[in-house]
2 protein chains.
Amino acid sequence: MPSRQNILNAAGAILARNPGASVAEIAAKAGVGRATLYRFFPTRNDMVRTLALDSLRQIDEATQAVSYESLTAEQALAQIVKIIVPLGDRFRFLANEPAVLNDPEFKAGSERQSLELAELVEAMKAEGSMDQAVSTAWAVATIEALIYAAWTSVDDGSVARRDAAALAFRTMIKGLQAQESGPTSSAKTREKTA
Amino acid sequence: MPSRQNILNAAGAILARNPGASVAEIAAKAGVGRATLYRFFPTRNDMVRTLALDSLRQIDEATQAVSYESLTAEQALAQIVKIIVPLGDRFRFLANEPAVLNDPEFKAGSERQSLELAELVEAMKAEGSMDQAVSTAWAVATIEALIYAAWTSVDDGSVARRDAAALAFRTMIKGLQAQESGPTSSAKTREKTA
DNA sequence: CTTAATTGAGACATACATGTCCCAAAATAG
DNA sequence: CTATTTTGGGACATGTATGTCTCAATTAAG
């Protein structure tokens with residue numbers, strides 16, 4: 001268990017729950033001296049940045065491992081969700097680290113990934129597994145939000161780890177599918193935007 | 001424009017985007033001197049706490065204004081979502097303020113609200129507007145995640161403010177509804193949990 | 001066993017944010 | 001216009017986290 005990776009894992013876990021956690025807390029969680037941590041990462045920001053970039057790369061590897069050729073877009077999304085959800089504790093911190101979110105390199109990578117997801121969404125629309133009337137931006141937001149929900153639900157124990165990915169996937173697919181007929185009742189109580 | 005409220009609004013907007021923002025930043029955003037801010041709120045934590053408790057109260061007022069008697073549970077949820085989504089900028093900060101999340105009073109109020117939402121979910125299951133096979137915890141997580149997604153989407157401009165609530169509601173309803181038949185193709189690629 | 005390298009603990013200076021205080025300028029009241 | 005209150009800006013002390021450094025203990029290597 002290399003210290004460096006160990007520290008990054010601890011940082012991910014701590015920062016997910018407290019964005020402003022001190023280096024001391026992170027070192028303690030990693031079971032390592034504070035000075036040792038500084039030997040691997042010159043500054044706190046270097047550590048967070050490394051963690052962020054590392055996370056992007058890990059997601060890249062995971063998604064690129066999905067062979068789009070032999071799968072429908074819907075199946076590809078299922079695969080991606082299934083891969084990313086278990087990695088939650090490493091990425092959840094990204095949601096609220098303003099220092100990193102403005103880093104040019106991270107920003108570029110993050111936007112590229114959202115774009116890839118957007119392309120997948122468009123492919124799903126094309127193949128009919130997603131409602132064409134839903135904007136791609138909202139579809140992407142929904143997918144990301146449900147992945148995040150899966151992470152937090154696993155974290156607080158309300159959802160079993162092994163169920164989380166399938167649950168998130170089913171919910172996003174159904175939520176974004178075209179509606180054939182109104183199964184229940186209302187849901188159409190939409191007044192004109194006065 | 002009373003300064004006190006003005007400060008709380010600024011704090012909500014700033015803290016949503018940067019949980020660790022300094023009092024100076026918040027005062028600047030509010031167009032007020034730092035000393036003036038301290039005249040209203042003795043400590044930074046008092047301010048954040050006030051903001052949090054204020055937000056809870058505001059949500060309470062909004063939800064209690066929904067007359068459950070004359071509505072189905074589904075319609076009640078639609079109303080609640082429609083009320084809460086426009087208030088996004090005031091509450092979004094709550095997602096990541098560990099200091100406040102551990103405050104007993106806030107914790108109690110927050111849990112009570114989640115519980116009320118859970119009861120609404122159960123009512124929807126009973127009336128058939130939600131899949132009984134979906135755990136209530138996951139349904140609540142989904143609803144909260146999509147409200148959050150609506151907030152951020154409005155914030156980054158990818159969704160129009162007036163569309164956000166309806167979009168979130170439609171997505172959560174469809175996502176959590178019982179599936180009558182598999183409209184597309186797979187979505188049922190669930191192996192036995194090996 | 002001896003040597004070299006790595007580690008954890010702590011001292012230390014520094015930077016930054018908090019919270020207090022004071023005062024002159026501006027707004028408000030009379 | 002004058003008196004009172006409120007405000008903004010800045011000086012100030014304090015606390016806490018950062019980043020550097022030293023050193024003794026542990027570990028690994030020979």
# chains A, B, ... in the order shown; residues from 1 in each chain; ligands from 1

$ residues_around --residues "stretch 1-6 of chain C" --least-positions-apart "6" --cutoff "10 Å" --atoms "only C-alpha atoms (C1' of nucleotides)" --output "PyMOL selection string"
(chain A and resi 36) or (chain D and resi 26-30)

$ interface_residues --of "chain A" --to "chain D" --cutoff "9 Å" --atoms "only C-alpha atoms (C1' of nucleotides)" --output "list of chain:residue names"
A:Ser22, A:Val23, A:Ala24, A:Tyr38, A:Pro42, A:Thr43, A:Arg44

$ write_last_selection --atoms "C-alpha atoms" --output "PDB file, in the first residue's frame"
ATOM      1  CA  SER A  22      -6.987  20.575   7.136  1.00  0.00           C
ATOM      2  CA  VAL A  23      -3.885  18.777   5.971  1.00  0.00           C
ATOM      3  CA  ALA A  24      -3.539  17.441   9.510  1.00  0.00           C
ATOM      4  CA  TYR A  38       4.268  17.295   2.489  1.00  0.00           C
ATOM      5  CA  PRO A  42       4.529  20.342  -1.782  1.00  0.00           C
ATOM      6  CA  THR A  43       1.316  22.205  -0.996  1.00  0.00           C
ATOM      7  CA  ARG A  44      -2.216  21.382  -0.022  1.00  0.00           C
TER       8      ARG A  44
END

$ interface_residues --of "chain A" --to "chain C" --cutoff "8 Å" --atoms "only C-alpha atoms (C1' of nucleotides)" --output "PDB file with C-alpha atoms, in the first residue's frame"
ATOM      1  CA  VAL A  32       0.738   9.182   8.087  1.00  0.00           C
ATOM      2  CA  GLY A  33       2.672  12.097   9.552  1.00  0.00           C
ATOM      3  CA  ALA A  35       5.513  16.079   7.265  1.00  0.00           C
ATOM      4  CA  THR A  36       5.414  12.882   5.245  1.00  0.00           C
TER       5      THR A  36
END

$ atom_distance --atom1 "atom CA of B:Ala108" --atom2 "atom CA of B:Ala52"
12.2 Å

$ residues_around --residues "A:Ala30" --least-positions-apart "3" --cutoff "6 Å" --atoms "only C-alpha atoms (C1' of nucleotides)" --output "CSV table (one decimal) with C-alpha atoms, in the first residue's frame"
chain,number,residue,atom,x,y,z
A,7,ILE,CA,-3.0,9.7,1.0
A,10,ALA,CA,-7.8,9.5,2.5
A,27,ALA,CA,-2.7,12.9,7.2

$ atom_distance --atom1 "atom CA of B:Glu111" --atom2 "atom CA of A:Asp155"
16.5 Å

$ residues_around --residues "A:Val154" --least-positions-apart "4" --cutoff "12 Å" --atoms "only C-alpha atoms (C1' of nucleotides)" --output "count of residues only"
23

$ interface_residues --of "chain B" --to "chain A" --cutoff "9 Å" --atoms "only C-alpha atoms" --output "ChimeraX atom specification"
/B:16-20,72,74-75,78,96-99,128-130,134-135,137-138,141-142,144-146,148-150,152-153,158-159,162,166-180,183-190,193

$ atom_distance --atom1 "atom CA of A:Ser55" --atom2 "atom CA of A:Phe91"
6.2 Å

$ decode --residues "stretch 4-22 of chain D" --atoms "N, CA and C atoms (P, O5', C5', C4', C3', O3' and C1' of nucleotides)" --output "PDB file, in the first residue's frame"
ATOM      1  P    DT D   4     -27.708  64.938  20.298  1.00  0.00           P
ATOM      2  O5'  DT D   4     -28.053  63.655  19.442  1.00  0.00           O
ATOM      3  C5'  DT D   4     -29.415  63.440  19.000  1.00  0.00           C
ATOM      4  C4'  DT D   4     -29.469  62.183  18.143  1.00  0.00           C
ATOM      5  C3'  DT D   4     -28.617  61.025  18.666  1.00  0.00           C
ATOM      6  O3'  DT D   4     -29.424  59.861  18.779  1.00  0.00           O
ATOM      7  C1'  DT D   4     -28.165  61.427  16.366  1.00  0.00           C
ATOM      8  P    DT D   5     -28.806  58.472  19.326  1.00  0.00           P
ATOM      9  O5'  DT D   5     -28.718  57.656  17.967  1.00  0.00           O
ATOM     10  C5'  DT D   5     -29.804  57.747  17.027  1.00  0.00           C
ATOM     11  C4'  DT D   5     -29.403  57.072  15.732  1.00  0.00           C
ATOM     12  C3'  DT D   5     -28.676  55.741  15.916  1.00  0.00           C
ATOM     13  O3'  DT D   5     -29.377  54.733  15.196  1.00  0.00           O
ATOM     14  C1'  DT D   5     -27.512  57.143  14.387  1.00  0.00           C
ATOM     15  P    DT D   6     -28.881  53.191  15.238  1.00  0.00           P
ATOM     16  O5'  DT D   6     -28.157  53.068  13.823  1.00  0.00           O
ATOM     17  C5'  DT D   6     -28.821  53.565  12.668  1.00  0.00           C
ATOM     18  C4'  DT D   6     -27.869  53.549  11.485  1.00  0.00           C
ATOM     19  C3'  DT D   6     -27.079  52.240  11.332  1.00  0.00           C
ATOM     20  O3'  DT D   6     -27.240  51.774  10.004  1.00  0.00           O
ATOM     21  C1'  DT D   6     -25.616  54.110  11.248  1.00  0.00           C
ATOM     22  P    DT D   7     -26.615  50.368   9.574  1.00  0.00           P
ATOM     23  O5'  DT D   7     -25.294  50.829   8.798  1.00  0.00           O
ATOM     24  C5'  DT D   7     -25.416  51.626   7.616  1.00  0.00           C
ATOM     25  C4'  DT D   7     -24.075  52.202   7.227  1.00  0.00           C
ATOM     26  C3'  DT D   7     -22.989  51.170   6.933  1.00  0.00           C
ATOM     27  O3'  DT D   7     -22.847  51.038   5.530  1.00  0.00           O
ATOM     28  C1'  DT D   7     -22.166  53.040   8.228  1.00  0.00           C
ATOM     29  P    DG D   8     -22.015  49.832   4.937  1.00  0.00           P
ATOM     30  O5'  DG D   8     -20.553  50.453   4.781  1.00  0.00           O
ATOM     31  C5'  DG D   8     -20.394  51.667   4.079  1.00  0.00           C
ATOM     32  C4'  DG D   8     -18.946  52.115   4.125  1.00  0.00           C
ATOM     33  C3'  DG D   8     -17.936  51.012   3.794  1.00  0.00           C
ATOM     34  O3'  DG D   8     -16.924  51.566   2.982  1.00  0.00           O
ATOM     35  C1'  DG D   8     -17.512  51.866   5.974  1.00  0.00           C
ATOM     36  P    DG D   9     -15.801  50.674   2.339  1.00  0.00           P
ATOM     37  O5'  DG D   9     -14.504  51.044   3.191  1.00  0.00           O
ATOM     38  C5'  DG D   9     -14.120  52.397   3.339  1.00  0.00           C
ATOM     39  C4'  DG D   9     -13.002  52.508   4.358  1.00  0.00           C
ATOM     40  C3'  DG D   9     -11.914  51.447   4.190  1.00  0.00           C
ATOM     41  O3'  DG D   9     -10.660  52.091   4.018  1.00  0.00           O
ATOM     42  C1'  DG D   9     -12.676  51.556   6.450  1.00  0.00           C
ATOM     43  P    DG D  10      -9.344  51.218   3.716  1.00  0.00           P
ATOM     44  O5'  DG D  10      -8.541  51.263   5.093  1.00  0.00           O
ATOM     45  C5'  DG D  10      -8.591  52.445   5.887  1.00  0.00           C
ATOM     46  C4'  DG D  10      -8.165  52.126   7.308  1.00  0.00           C
ATOM     47  C3'  DG D  10      -7.048  51.074   7.398  1.00  0.00           C
ATOM     48  O3'  DG D  10      -6.057  51.528   8.290  1.00  0.00           O
ATOM     49  C1'  DG D  10      -8.831  50.493   8.805  1.00  0.00           C
ATOM     50  P    DA D  11      -4.621  50.809   8.274  1.00  0.00           P
ATOM     51  O5'  DA D  11      -4.305  50.677   9.840  1.00  0.00           O
ATOM     52  C5'  DA D  11      -4.659  51.746  10.720  1.00  0.00           C
ATOM     53  C4'  DA D  11      -4.821  51.203  12.133  1.00  0.00           C
ATOM     54  C3'  DA D  11      -3.739  50.204  12.547  1.00  0.00           C
ATOM     55  O3'  DA D  11      -3.277  50.511  13.863  1.00  0.00           O
ATOM     56  C1'  DA D  11      -5.876  49.230  12.813  1.00  0.00           C
ATOM     57  P    DC D  12      -2.005  49.758  14.485  1.00  0.00           P
ATOM     58  O5'  DC D  12      -2.632  48.526  15.265  1.00  0.00           O
ATOM     59  C5'  DC D  12      -3.608  48.758  16.284  1.00  0.00           C
ATOM     60  C4'  DC D  12      -4.215  47.441  16.737  1.00  0.00           C
ATOM     61  C3'  DC D  12      -3.209  46.282  16.833  1.00  0.00           C
ATOM     62  O3'  DC D  12      -2.802  46.133  18.191  1.00  0.00           O
ATOM     63  C1'  DC D  12      -5.357  45.621  15.962  1.00  0.00           C
ATOM     64  P    DA D  13      -1.666  45.043  18.557  1.00  0.00           P
ATOM     65  O5'  DA D  13      -2.552  43.823  19.078  1.00  0.00           O
ATOM     66  C5'  DA D  13      -3.553  44.034  20.074  1.00  0.00           C
ATOM     67  C4'  DA D  13      -4.406  42.785  20.219  1.00  0.00           C
ATOM     68  C3'  DA D  13      -3.619  41.503  20.525  1.00  0.00           C
ATOM     69  O3'  DA D  13      -4.315  40.743  21.506  1.00  0.00           O
ATOM     70  C1'  DA D  13      -4.883  41.202  18.559  1.00  0.00           C
ATOM     71  P    DT D  14      -3.644  39.394  22.054  1.00  0.00           P
ATOM     72  O5'  DT D  14      -4.434  38.275  21.245  1.00  0.00           O
ATOM     73  C5'  DT D  14      -5.877  38.308  21.219  1.00  0.00           C
ATOM     74  C4'  DT D  14      -6.372  37.164  20.373  1.00  0.00           C
ATOM     75  C3'  DT D  14      -5.584  35.861  20.542  1.00  0.00           C
ATOM     76  O3'  DT D  14      -6.467  34.841  20.982  1.00  0.00           O
ATOM     77  C1'  DT D  14      -5.916  36.372  18.250  1.00  0.00           C
ATOM     78  P    DG D  15      -5.890  33.383  21.334  1.00  0.00           P
ATOM     79  O5'  DG D  15      -6.393  32.532  20.090  1.00  0.00           O
ATOM     80  C5'  DG D  15      -7.678  32.804  19.531  1.00  0.00           C
ATOM     81  C4'  DG D  15      -7.871  31.982  18.268  1.00  0.00           C
ATOM     82  C3'  DG D  15      -7.230  30.597  18.329  1.00  0.00           C
ATOM     83  O3'  DG D  15      -8.121  29.668  17.729  1.00  0.00           O
ATOM     84  C1'  DG D  15      -6.335  31.816  16.495  1.00  0.00           C
ATOM     85  P    DT D  16      -7.840  28.074  17.896  1.00  0.00           P
ATOM     86  O5'  DT D  16      -7.642  27.613  16.387  1.00  0.00           O
ATOM     87  C5'  DT D  16      -8.426  28.222  15.360  1.00  0.00           C
ATOM     88  C4'  DT D  16      -7.763  28.023  14.016  1.00  0.00           C
ATOM     89  C3'  DT D  16      -7.045  26.674  13.853  1.00  0.00           C
ATOM     90  O3'  DT D  16      -7.410  26.121  12.610  1.00  0.00           O
ATOM     91  C1'  DT D  16      -5.622  28.423  13.228  1.00  0.00           C
ATOM     92  P    DA D  17      -7.146  24.538  12.331  1.00  0.00           P
ATOM     93  O5'  DA D  17      -6.468  24.555  10.891  1.00  0.00           O
ATOM     94  C5'  DA D  17      -7.002  25.390   9.883  1.00  0.00           C
ATOM     95  C4'  DA D  17      -5.934  25.667   8.857  1.00  0.00           C
ATOM     96  C3'  DA D  17      -5.104  24.446   8.466  1.00  0.00           C
ATOM     97  O3'  DA D  17      -5.021  24.347   7.049  1.00  0.00           O
ATOM     98  C1'  DA D  17      -3.690  26.219   9.166  1.00  0.00           C
ATOM     99  P    DT D  18      -4.063  23.282   6.379  1.00  0.00           P
ATOM    100  O5'  DT D  18      -2.843  24.171   5.881  1.00  0.00           O
ATOM    101  C5'  DT D  18      -3.084  25.308   5.074  1.00  0.00           C
ATOM    102  C4'  DT D  18      -1.772  26.032   4.821  1.00  0.00           C
ATOM    103  C3'  DT D  18      -0.709  25.164   4.149  1.00  0.00           C
ATOM    104  O3'  DT D  18      -0.222  25.840   3.005  1.00  0.00           O
ATOM    105  C1'  DT D  18       0.156  26.199   6.123  1.00  0.00           C
ATOM    106  P    DG D  19       0.402  24.976   1.788  1.00  0.00           P
ATOM    107  O5'  DG D  19       1.947  24.947   2.173  1.00  0.00           O
ATOM    108  C5'  DG D  19       2.654  26.165   2.107  1.00  0.00           C
ATOM    109  C4'  DG D  19       3.956  26.058   2.875  1.00  0.00           C
ATOM    110  C3'  DG D  19       4.872  24.887   2.492  1.00  0.00           C
ATOM    111  O3'  DG D  19       6.130  25.419   2.123  1.00  0.00           O
ATOM    112  C1'  DG D  19       4.711  25.109   4.829  1.00  0.00           C
ATOM    113  P    DT D  20       7.394  24.497   1.792  1.00  0.00           P
ATOM    114  O5'  DT D  20       8.336  24.671   3.075  1.00  0.00           O
ATOM    115  C5'  DT D  20       8.706  25.979   3.491  1.00  0.00           C
ATOM    116  C4'  DT D  20       9.707  25.906   4.637  1.00  0.00           C
ATOM    117  C3'  DT D  20      10.849  24.916   4.411  1.00  0.00           C
ATOM    118  O3'  DT D  20      12.076  25.556   4.716  1.00  0.00           O
ATOM    119  C1'  DT D  20       9.786  24.475   6.476  1.00  0.00           C
ATOM    120  P    DC D  21      13.449  24.806   4.421  1.00  0.00           P
ATOM    121  O5'  DC D  21      13.848  24.195   5.835  1.00  0.00           O
ATOM    122  C5'  DC D  21      13.883  25.045   6.993  1.00  0.00           C
ATOM    123  C4'  DC D  21      13.970  24.209   8.261  1.00  0.00           C
ATOM    124  C3'  DC D  21      14.988  23.065   8.201  1.00  0.00           C
ATOM    125  O3'  DC D  21      16.160  23.433   8.937  1.00  0.00           O
ATOM    126  C1'  DC D  21      12.936  22.446   9.307  1.00  0.00           C
ATOM    127  P    DT D  22      17.409  22.385   8.951  1.00  0.00           P
ATOM    128  O5'  DT D  22      17.226  21.640  10.344  1.00  0.00           O
ATOM    129  C5'  DT D  22      16.766  22.380  11.485  1.00  0.00           C
ATOM    130  C4'  DT D  22      16.482  21.431  12.634  1.00  0.00           C
ATOM    131  C3'  DT D  22      17.491  20.283  12.780  1.00  0.00           C
ATOM    132  O3'  DT D  22      17.847  20.141  14.148  1.00  0.00           O
ATOM    133  C1'  DT D  22      15.301  19.413  12.660  1.00  0.00           C
TER     134       DT D  22
END
